[in-house]
Amino acid sequence: MIPRIHRQGSNTLGLLHYLYGKGTHEEHINPHLVASFDGMAPDPGRDPSVTKRDLQHLLDQPLSLLDADHRPGKHVWHCSVRAAPDDPVLSDEQWGDIARRMVAATGIDPGDGAGCRWAAVRHADDHIHIIATLVREDGRRPDHHRSGKRAQAECRLIEKELGLHQVAPGDGTAAKRATSAERHKAERTGRQRPAREELRETVRRAVAGAGSDEEFIDRLAAAGLLIRKRIAPSGDLLGYKVALPDDRNGEKEPVFYAGSTLAPDLSLPRIRERWALPAKAATSADGSEREQPDLPDVTGPAFARRRATAATWQALLVIDHGDDGAATAQIAAAGEVLDALAKTSAAHTRAELREAAFVFERASRSHVRAVRGHDRALRQAARDLVHSGPALGRGEDGATTAMLIDMAFFLAIAAANWHAKKHHAQQAAAARQATEHLRAAYQAAAAESMAVLRQRGQRLAPRARQRQADLLHEVLPELAARVRAEPGWPALAATLDDARKAGHDPTALLTEAAGRREFDTATSISDVLVWRLRRSAHLPALPERPHDTPARGSRRQGASAPRARQSQGGLNDPSRRR
């Protein structure tokens, strides 16, 4: 149940006309009173002899107790209370009780016999509006300070008592919700999302991996947004606003939104914190800083994804074991990686990745201040993804995309667990929701490469298959039966065989991969082990099919990745750190 305290107004009759009207596009059905300050207020919705002006005169009567100099200019208080989509339809009596509890909790009518006059109007199944005059019967102003937080607390109690959907308590760091007018406008104009949400997503993608004001603004322009810059007399950029070209107001002018109104971390000063970083700051798993070597340039989407996977694994360790400031920075930067991944991935994974990035955005902000500099590797990974360009959905591009999504899935779980320990309910819920979209994206991205690996495993000689089975039982005796029953077991057997042929010790590799993190949240343990092993052993993510001509560039990228990763040193190669 979501309460919303609207901006105070000065026109009681105007608000009543809206509440009892048909709505912006005929959405108001059967408007009527469900409760009022004395239980006897006239109802212009049900009584044909009563007008809206009659109700306005009754509500505003306490204003007559004050002389003109002491009457408040903004005397109209307006609160809406909306049930969740999956809640049952409440009766008028239940909504009336909710209205009385809301005005009591917010200080509008605390029950002392001299509260403000108010009325609650219902014009839809799922919500009510409460209108009140901000002058008490004794002529004093009500104590409605922090009424929004009071309303939220009361709604949490109402949800429990009525068995309604329980909304996770917020901490004031969420992005501003689209207004009902913005939602209705989106529906009317055929948009999937309100303009505010579209702009927030586009600005976040422009920020991902950006390193300067100029690059950020250039990306906004390239995305097709209208930009209005606030410039100081010195010529320095002070702020920005953005608009969708086809989002216009009644005067046919573009509707601009400042970055700070899209999300708290999208104001220009907060964005600048991301790229005002130490040149080579990096954080290890224990939270200590180490010198980060220069990284070689990316050679294509597959290499960018391999390097992003390594950075994501390092970030996961920091979230698990680092201090709060470092963990917060990694979670925030993980949002940039998801934005960049959604922007550059193939069409069959893009929708789920876009949803994952969209919902994870809520997990990227909390009151724990991020210590910037710790997130340099992840931000560089986001930059690499953007600059490497769109990835193909097949070959090494598609396989390394699956590898990265698999790692991002575990990072989102780590973020959810971290937020849960800090009692950040909304952030934890958002991170968990992102894992569901990442799981779906992984299944789409991994289909081709896992099919190839399964075929390779099925073609192994019986002696080789038995060797890998014995190894599995030796290293993971409690999970071996489950793994061998999974569809991905042949792919794991093929990967172990590939590692042996490449000169690695399969026992040591499997022991290391199995010890890195729990498997409780994995749908397929064999899939997880495949990607961990292929990354640690620098194996191509997608081996060539026999007699197949490799995709253009796939052999070069697959072969060059190990050399490039070796040049990064131990800090950026997680497989060397354990």
# chains A, B, ... in the order shown; residues from 1 in each chain; ligands from 1
call {"tool": "residues_around", "arguments": {"residues": "Thr202 of chain A", "least_positions_apart": "3", "cutoff": "12 Å", "atoms": "only C-alpha atoms", "output": "count of residues only"}}
result
33
call {"tool": "select_by_dssp", "arguments": {"residues": "segment 25-176 of chain A", "states": "strand (DSSP E)", "output": "number ranges by chain"}}
result
A: 32-36, 76-82, 116-124, 127-136
call {"tool": "residues_around", "arguments": {"residues": "segment 147-164 of chain A", "least_positions_apart": "5", "cutoff": "12 Å", "atoms": "only C-alpha atoms", "output": "VMD selection string"}}
result
chain A and resid 1 to 7 77 to 91 94 to 95 97 to 109 142 169 to 172
call {"tool": "residues_around", "arguments": {"residues": "Lys52 of chain A", "least_positions_apart": "3", "cutoff": "8 Å", "atoms": "only C-alpha atoms", "output": "PyMOL selection string"}}
result
chain A and resi 13+16-17+44+55-56
call {"tool": "closest_residue", "arguments": {"among": "A:Ala434, A:Ala420, A:Ile413, A:Ala381", "to": "Thr521 of chain A", "atoms": "only C-alpha atoms"}}
result
A:Ile413
call {"tool": "closest_atom_pairs", "arguments": {"of": "segment 207-259 of chain A", "to": "segment 183-187 of chain A", "cutoff": "12 Å", "atoms": "only C-alpha atoms", "output": "JSON lines"}}
result
{"residue": "A:Asp246", "atom": "CA", "partner": "A:Ala186", "partner_atom": "CA", "distance": 11.4}
{"residue": "A:Asp247", "atom": "CA", "partner": "A:Ala186", "partner_atom": "CA", "distance": 9.4}
{"residue": "A:Arg248", "atom": "CA", "partner": "A:Lys185", "partner_atom": "CA", "distance": 10.3}
{"residue": "A:Asn249", "atom": "CA", "partner": "A:Lys185", "partner_atom": "CA", "distance": 10.2}
{"residue": "A:Gly250", "atom": "CA", "partner": "A:Lys185", "partner_atom": "CA", "distance": 11.6}
call {"tool": "atom_distance", "arguments": {"atom1": "atom CA of Pro110 of chain A", "atom2": "atom CA of Ile130 of chain A"}}
result
14.8 Å
call {"tool": "closest_residue", "arguments": {"among": "A:Thr189, A:Asn30, A:Ser345, A:Thr133", "to": "Leu58 of chain A", "atoms": "only C-alpha atoms"}}
result
A:Thr133
call {"tool": "atom_distance", "arguments": {"atom1": "atom CA of Asn417 of chain A", "atom2": "atom CA of Ala382 of chain A"}}
result
23.2 Å
call {"tool": "closest_residue", "arguments": {"among": "A:Phe256, A:Trp313, A:Tyr18, A:Trp275", "to": "Ser536 of chain A", "atoms": "only C-alpha atoms"}}
result
A:Trp313
call {"tool": "select_by_dssp", "arguments": {"residues": "segment 179-404 of chain A", "states": "alpha helix (DSSP H)", "output": "ChimeraX atom specification"}}
result
/A:180-189,195-207,213-222,259-262,268-275,301-321,324-344,347-360,376-388,395-404
call {"tool": "residues_around", "arguments": {"residues": "Gly325 of chain A", "least_positions_apart": "5", "cutoff": "9 Å", "atoms": "only C-alpha atoms", "output": "list in words"}}
result
Gln330, Val368, Arg369, Ala370, Val371, Arg372 and His374 of chain A
call {"tool": "write_last_selection", "arguments": {"atoms": "N, CA and C atoms", "output": "PDB file, in the first residue's frame"}}
result
ATOM      1  N   GLN A 330      31.318  -0.925  -5.267  1.00  0.00           N
ATOM      2  CA  GLN A 330      31.253  -2.045  -6.218  1.00  0.00           C
ATOM      3  C   GLN A 330      29.816  -2.300  -6.677  1.00  0.00           C
ATOM      4  N   VAL A 368      24.688   4.302   2.735  1.00  0.00           N
ATOM      5  CA  VAL A 368      26.101   3.994   2.944  1.00  0.00           C
ATOM      6  C   VAL A 368      26.886   4.647   1.811  1.00  0.00           C
ATOM      7  N   ARG A 369      27.781   5.542   2.161  1.00  0.00           N
ATOM      8  CA  ARG A 369      28.480   6.319   1.132  1.00  0.00           C
ATOM      9  C   ARG A 369      29.522   5.464   0.424  1.00  0.00           C
ATOM     10  N   ALA A 370      29.471   5.485  -0.892  1.00  0.00           N
ATOM     11  CA  ALA A 370      30.437   4.732  -1.695  1.00  0.00           C
ATOM     12  C   ALA A 370      31.785   5.448  -1.682  1.00  0.00           C
ATOM     13  N   VAL A 371      32.842   4.691  -1.466  1.00  0.00           N
ATOM     14  CA  VAL A 371      34.193   5.236  -1.520  1.00  0.00           C
ATOM     15  C   VAL A 371      34.708   5.024  -2.941  1.00  0.00           C
ATOM     16  N   ARG A 372      34.621   6.065  -3.744  1.00  0.00           N
ATOM     17  CA  ARG A 372      34.996   5.950  -5.145  1.00  0.00           C
ATOM     18  C   ARG A 372      36.498   5.709  -5.283  1.00  0.00           C
ATOM     19  N   HIS A 374      37.550   2.500  -5.442  1.00  0.00           N
ATOM     20  CA  HIS A 374      37.498   1.048  -5.305  1.00  0.00           C
ATOM     21  C   HIS A 374      36.806   0.400  -6.501  1.00  0.00           C
TER      22      HIS A 374
END
call {"tool": "closest_residue", "arguments": {"among": "A:Leu15, A:Leu411, A:Met403, A:Ile525", "to": "Leu476 of chain A", "atoms": "only C-alpha atoms"}}
result
A:Ile525
